[in-house]
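Chemist: Quick one: the structure is below, and I'll ask about it shortly.
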Amino acid sequence: MATNEPISAQSMAQDLVDTVGMEQRARMRRRTTTAALLAVALTGSLVAGCSSGGGAPSDDGRGQPTSPAASTPSTGGTSAAPTGPVLAVKIDNVAAARPQTGIDAADIVYAEQVEGGLSRLMAVFATKLPKAVGPVRSARESDLELLRQFDDPTLAFSGAQRKLLPLIADAPLREASPTQDGGAYYRGTTKAAPHNLYLRPKQLVHSAPGAAALTTGFRYGAAPAGGTPESTRTVRYPAARFTFNWSAERGRWLVSMDGTPTVTTDGARVAPATVVVQYVKVSKSRYHDVLGNNSPYTQTVGSGRAQVLRDGREFDVKWQRSSAAGGTSFTLADGTPVNFAKGQVWVVFAKA
């Protein structure tokens, strides 16, 4: 289990390749942010007298009302508007990093292919924040496109390939690596570096922003008619695999990775209510790891086929995401939107 040991200079050296140049870019971004805030304040004072009355909600460009009574993705009802941005954490997923901490508290877990055919996770938190999350690892170019669907998300990551850092600095998100927020991270003692970097989420996001911050386009509610009974589903990468076994007793899909049941450091079995196998284009990017392996680029804007697993059934659907700033819709062949079951959602990106 992770401990509260602060990050030492020796352990931080393990991530040096990922963090080269980040301090300089952090200073540049802080200067840019300060200027942007001044500009926003000035603009706000100019347009305040021109706002339309009546309290009508405006659209933020992703189909989400910005009034206090915004649609709640997890329930289909209404709730208060989000109190802040979602927290997205890049999670190490090789065998040496398991068991992981805090991923059972995530609202959404994305799985993508990385170098060498391995996998990496991104856990998105909106409705609750665990005490710790990890192990935390580095970001990829694909993350930037995926995160555009959220409003100014906070991205927690250990670092990134040096040439990728300018793109992260320019992306519409808050960087939160150990370079910018060292006090929020610590090294555990039960795993070897670099698989022992952990995050205290409340050091970055003081409170959970709420379900309305999950501007993913996902719909939650009753299952559609039809579907095919399904008890188990496996998704394979070249050097990794995910298996989801339906538990009627729990009403959840029990996750196994590389043939081993997935549990957290607290002993909790990871069990989402909905699993989405989304077939996407996976191509070579411009970036490589320190061993020269190409970093795959997972394209999440576009359309294609997918399977939605819920309630022990599989539904063949079409997914569509028209722009990076928008969410993803899932529909049946006749265009009927497909609801997810209330609870955690896993989205596994598979090569089309």
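Residues are referred to by chain and number: the chain letter is A, B, ... according to the order shown in the structure tokens, the number counts from 1 in that chain, and ligands are numbered separately from 1 in the order shown.
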Would you kindly return, as JSON, numbers by chain, each protein, DNA or RNA residue with an atom no farther than 7 Å from any atom of Ala106 (chain A), considering only C-alpha atoms and excluding same-chain residues fewer than 5 positions away?
Modeler: {"A": [123, 124, 125, 344]}
Chemist: What would the file look like if the residues just selected were written as an mmCIF file, in the first residue's frame with N, CA, C and O atoms?
Modeler:
data_model
loop_
_atom_site.group_PDB
_atom_site.id
_atom_site.type_symbol
_atom_site.label_atom_id
_atom_site.label_comp_id
_atom_site.auth_asym_id
_atom_site.auth_seq_id
_atom_site.Cartn_x
_atom_site.Cartn_y
_atom_site.Cartn_z
ATOM 1 N N ALA A 123 -8.059 7.774 -15.489
ATOM 2 C CA ALA A 123 -9.196 7.770 -14.580
ATOM 3 C C ALA A 123 -9.718 9.191 -14.432
ATOM 4 O O ALA A 123 -8.940 10.118 -14.158
ATOM 5 N N VAL A 124 -11.026 9.361 -14.628
ATOM 6 C CA VAL A 124 -11.657 10.683 -14.566
ATOM 7 C C VAL A 124 -12.557 10.740 -13.336
ATOM 8 O O VAL A 124 -13.446 9.895 -13.167
ATOM 9 N N PHE A 125 -12.333 11.758 -12.495
ATOM 10 C CA PHE A 125 -13.057 11.900 -11.235
ATOM 11 C C PHE A 125 -13.908 13.167 -11.265
ATOM 12 O O PHE A 125 -13.407 14.249 -11.555
ATOM 13 N N GLN A 344 -19.942 3.397 -12.487
ATOM 14 C CA GLN A 344 -18.674 3.585 -13.206
ATOM 15 C C GLN A 344 -18.759 3.039 -14.629
ATOM 16 O O GLN A 344 -19.388 2.015 -14.887
#
Chemist: Excluding region 108-120 of chain A and its own-chain neighbours fewer than 6 positions away, which residues fall within 10 Å of it when counting only C-alpha atoms? Please give them as a ChimeraX atom specification.
Modeler: /A:88-94,126,137-140,142-143,146,214,216,236-242,257,272,274-277,282,288-289,291-298,343-351
Chemist: Give me, please, the distance in Å between CA of Asn196 (chain A) and CA of Lys128 (chain A), quoted to one decimal.
Modeler: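 Computing it gives 22.7 Å between the two atoms.
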Chemist: Using only C-alpha atoms, which of A:Pro172, A:Pro224, A:Pro135, A:Pro201 sits nearest Ser158 (chain A)?
Modeler: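 Looking at the shortest contact to Ser158 (chain A), the residue is A:Pro135.
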Chemist: Name the residues of region 52-231 of chain A that come out as alpha helix (DSSP H) in a backbone DSSP run; write them as JSON, numbers by chain.
Modeler: {"A": [141, 142, 143, 144, 145, 146, 147, 165, 166, 167, 168, 169, 170]}
Chemist: Include all heavy atoms and write out the residues we just selected as an mmCIF file, in the first residue's frame.
Modeler:
data_model
loop_
_atom_site.group_PDB
_atom_site.id
_atom_site.type_symbol
_atom_site.label_atom_id
_atom_site.label_comp_id
_atom_site.auth_asym_id
_atom_site.auth_seq_id
_atom_site.Cartn_x
_atom_site.Cartn_y
_atom_site.Cartn_z
ATOM 1 N N GLU A 141 -0.052 12.023 -26.478
ATOM 2 C CA GLU A 141 -0.700 12.995 -27.360
ATOM 3 C C GLU A 141 -2.202 12.743 -27.451
ATOM 4 O O GLU A 141 -3.002 13.679 -27.483
ATOM 5 C CB GLU A 141 -0.066 12.942 -28.748
ATOM 6 C CG GLU A 141 -0.619 13.977 -29.710
ATOM 7 C CD GLU A 141 -0.047 13.855 -31.108
ATOM 8 O OE1 GLU A 141 0.604 12.826 -31.406
ATOM 9 O OE2 GLU A 141 -0.252 14.791 -31.909
ATOM 10 N N SER A 142 -2.601 11.482 -27.470
ATOM 11 C CA SER A 142 -4.024 11.150 -27.568
ATOM 12 C C SER A 142 -4.832 11.745 -26.433
ATOM 13 O O SER A 142 -6.025 12.045 -26.596
ATOM 14 C CB SER A 142 -4.201 9.631 -27.561
ATOM 15 O OG SER A 142 -3.464 9.004 -28.585
ATOM 16 N N ASP A 143 -4.203 11.914 -25.263
ATOM 17 C CA ASP A 143 -4.931 12.431 -24.104
ATOM 18 C C ASP A 143 -5.479 13.827 -24.359
ATOM 19 O O ASP A 143 -6.538 14.187 -23.838
ATOM 20 C CB ASP A 143 -4.010 12.474 -22.880
ATOM 21 C CG ASP A 143 -3.422 11.114 -22.547
ATOM 22 O OD1 ASP A 143 -4.071 10.097 -22.858
ATOM 23 O OD2 ASP A 143 -2.312 11.074 -21.984
ATOM 24 N N LEU A 144 -4.755 14.610 -25.132
ATOM 25 C CA LEU A 144 -5.159 16.002 -25.340
ATOM 26 C C LEU A 144 -6.458 16.083 -26.117
ATOM 27 O O LEU A 144 -7.340 16.890 -25.797
ATOM 28 C CB LEU A 144 -4.039 16.761 -26.058
ATOM 29 C CG LEU A 144 -2.663 16.695 -25.384
ATOM 30 C CD1 LEU A 144 -1.654 17.553 -26.148
ATOM 31 C CD2 LEU A 144 -2.744 17.121 -23.921
ATOM 32 N N GLU A 145 -6.605 15.259 -27.138
ATOM 33 C CA GLU A 145 -7.858 15.230 -27.898
ATOM 34 C C GLU A 145 -8.996 14.691 -27.031
ATOM 35 O O GLU A 145 -10.108 15.236 -27.028
ATOM 36 C CB GLU A 145 -7.699 14.359 -29.140
ATOM 37 C CG GLU A 145 -8.970 14.252 -29.979
ATOM 38 C CD GLU A 145 -8.741 13.451 -31.251
ATOM 39 O OE1 GLU A 145 -8.306 14.053 -32.258
ATOM 40 O OE2 GLU A 145 -8.996 12.220 -31.244
ATOM 41 N N LEU A 146 -8.733 13.639 -26.289
ATOM 42 C CA LEU A 146 -9.769 13.038 -25.451
ATOM 43 C C LEU A 146 -10.276 14.025 -24.401
ATOM 44 O O LEU A 146 -11.483 14.100 -24.135
ATOM 45 C CB LEU A 146 -9.218 11.787 -24.777
ATOM 46 C CG LEU A 146 -10.172 10.981 -23.905
ATOM 47 C CD1 LEU A 146 -11.359 10.487 -24.727
ATOM 48 C CD2 LEU A 146 -9.437 9.801 -23.268
ATOM 49 N N LEU A 147 -9.377 14.813 -23.818
ATOM 50 C CA LEU A 147 -9.750 15.727 -22.735
ATOM 51 C C LEU A 147 -10.418 17.006 -23.213
ATOM 52 O O LEU A 147 -10.968 17.751 -22.390
ATOM 53 C CB LEU A 147 -8.509 16.077 -21.904
ATOM 54 C CG LEU A 147 -7.981 14.951 -21.017
ATOM 55 C CD1 LEU A 147 -6.654 15.345 -20.397
ATOM 56 C CD2 LEU A 147 -8.993 14.588 -19.935
ATOM 57 N N LEU A 165 5.733 18.255 -24.686
ATOM 58 C CA LEU A 165 5.450 19.237 -23.630
ATOM 59 C C LEU A 165 4.854 20.547 -24.141
ATOM 60 O O LEU A 165 3.936 21.088 -23.510
ATOM 61 C CB LEU A 165 6.727 19.514 -22.833
ATOM 62 C CG LEU A 165 7.241 18.334 -22.009
ATOM 63 C CD1 LEU A 165 8.575 18.691 -21.356
ATOM 64 C CD2 LEU A 165 6.236 17.898 -20.963
ATOM 65 N N PRO A 166 5.316 21.105 -25.279
ATOM 66 C CA PRO A 166 4.685 22.342 -25.754
ATOM 67 C C PRO A 166 3.204 22.167 -26.082
ATOM 68 O O PRO A 166 2.404 23.077 -25.859
ATOM 69 C CB PRO A 166 5.493 22.694 -27.007
ATOM 70 C CG PRO A 166 6.816 22.014 -26.817
ATOM 71 C CD PRO A 166 6.494 20.746 -26.101
ATOM 72 N N LEU A 167 2.806 20.993 -26.593
ATOM 73 C CA LEU A 167 1.396 20.757 -26.904
ATOM 74 C C LEU A 167 0.571 20.704 -25.630
ATOM 75 O O LEU A 167 -0.553 21.221 -25.583
ATOM 76 C CB LEU A 167 1.228 19.456 -27.695
ATOM 77 C CG LEU A 167 1.396 19.537 -29.219
ATOM 78 C CD1 LEU A 167 2.852 19.786 -29.583
ATOM 79 C CD2 LEU A 167 0.892 18.251 -29.877
ATOM 80 N N ILE A 168 1.114 20.081 -24.596
ATOM 81 C CA ILE A 168 0.399 20.023 -23.324
ATOM 82 C C ILE A 168 0.261 21.421 -22.744
ATOM 83 O O ILE A 168 -0.800 21.802 -22.237
ATOM 84 C CB ILE A 168 1.132 19.088 -22.343
ATOM 85 C CG1 ILE A 168 1.152 17.659 -22.885
ATOM 86 C CG2 ILE A 168 0.478 19.133 -20.960
ATOM 87 C CD1 ILE A 168 1.944 16.687 -22.043
ATOM 88 N N ALA A 169 1.338 22.212 -22.836
ATOM 89 C CA ALA A 169 1.306 23.573 -22.294
ATOM 90 C C ALA A 169 0.280 24.439 -23.002
ATOM 91 O O ALA A 169 -0.320 25.330 -22.387
ATOM 92 C CB ALA A 169 2.697 24.202 -22.402
ATOM 93 N N ASP A 170 0.058 24.182 -24.296
ATOM 94 C CA ASP A 170 -0.882 24.991 -25.077
ATOM 95 C C ASP A 170 -2.307 24.444 -25.044
ATOM 96 O O ASP A 170 -3.229 25.095 -25.544
ATOM 97 C CB ASP A 170 -0.417 25.080 -26.532
ATOM 98 C CG ASP A 170 0.858 25.911 -26.688
ATOM 99 O OD1 ASP A 170 1.141 26.720 -25.788
ATOM 100 O OD2 ASP A 170 1.560 25.726 -27.692
#
Chemist: Report as a PyMOL selection string: the residues of region 61-216 of chain A with a DSSP assignment of strand (DSSP E or B), based on the backbone of this structure.
Modeler: chain A and resi 65+70-71+78-79+87-91+100-101+108-113+119-125+133-134+136+154-156+174-176+185-187+197-199
Chemist: Give me, please, the distance in Å between CA of Trp319 (chain A) and CA of Lys284 (chain A), quoted to one decimal.
Modeler: 22.4 Å
Chemist: Extract, using only C-alpha atoms, all DNA, RNA and protein residues at most 10 Å from Phe244 (chain A), discarding same-chain residues fewer than 3 positions from it, and format them as JSON, numbers by chain.
Modeler: {"A": [231, 232, 233, 234, 235, 247, 252, 253, 254, 255, 256, 257, 261, 271, 272, 275, 309]}
Chemist: So which residues touch region 314-317 of chain A within 6 Å, counting only C-alpha atoms, skipping near sequence neighbours fewer than 5 positions away, as a ChimeraX atom specification?
Modeler: /A:227-228,230,305-309,331-332
Chemist: Keeping only C-alpha atoms, write the selected residues to a file as a PDB file, in the first residue's frame.
Modeler:
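Done, and the output landed in again-v9.pdb:
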ATOM      1  CA  GLY A 227     -29.261  -6.817 -27.095  1.00  0.00           C
ATOM      2  CA  THR A 228     -27.506 -10.165 -26.850  1.00  0.00           C
ATOM      3  CA  GLU A 230     -23.218 -11.825 -22.685  1.00  0.00           C
ATOM      4  CA  ARG A 305     -18.730   0.812 -34.305  1.00  0.00           C
ATOM      5  CA  ALA A 306     -18.759  -0.111 -30.636  1.00  0.00           C
ATOM      6  CA  GLN A 307     -20.284  -2.561 -28.207  1.00  0.00           C
ATOM      7  CA  VAL A 308     -21.975  -1.419 -25.005  1.00  0.00           C
ATOM      8  CA  LEU A 309     -22.055  -3.996 -22.215  1.00  0.00           C
ATOM      9  CA  THR A 331     -26.847   4.891 -30.940  1.00  0.00           C
ATOM     10  CA  LEU A 332     -28.522   1.737 -32.196  1.00  0.00           C
TER      11      LEU A 332
END
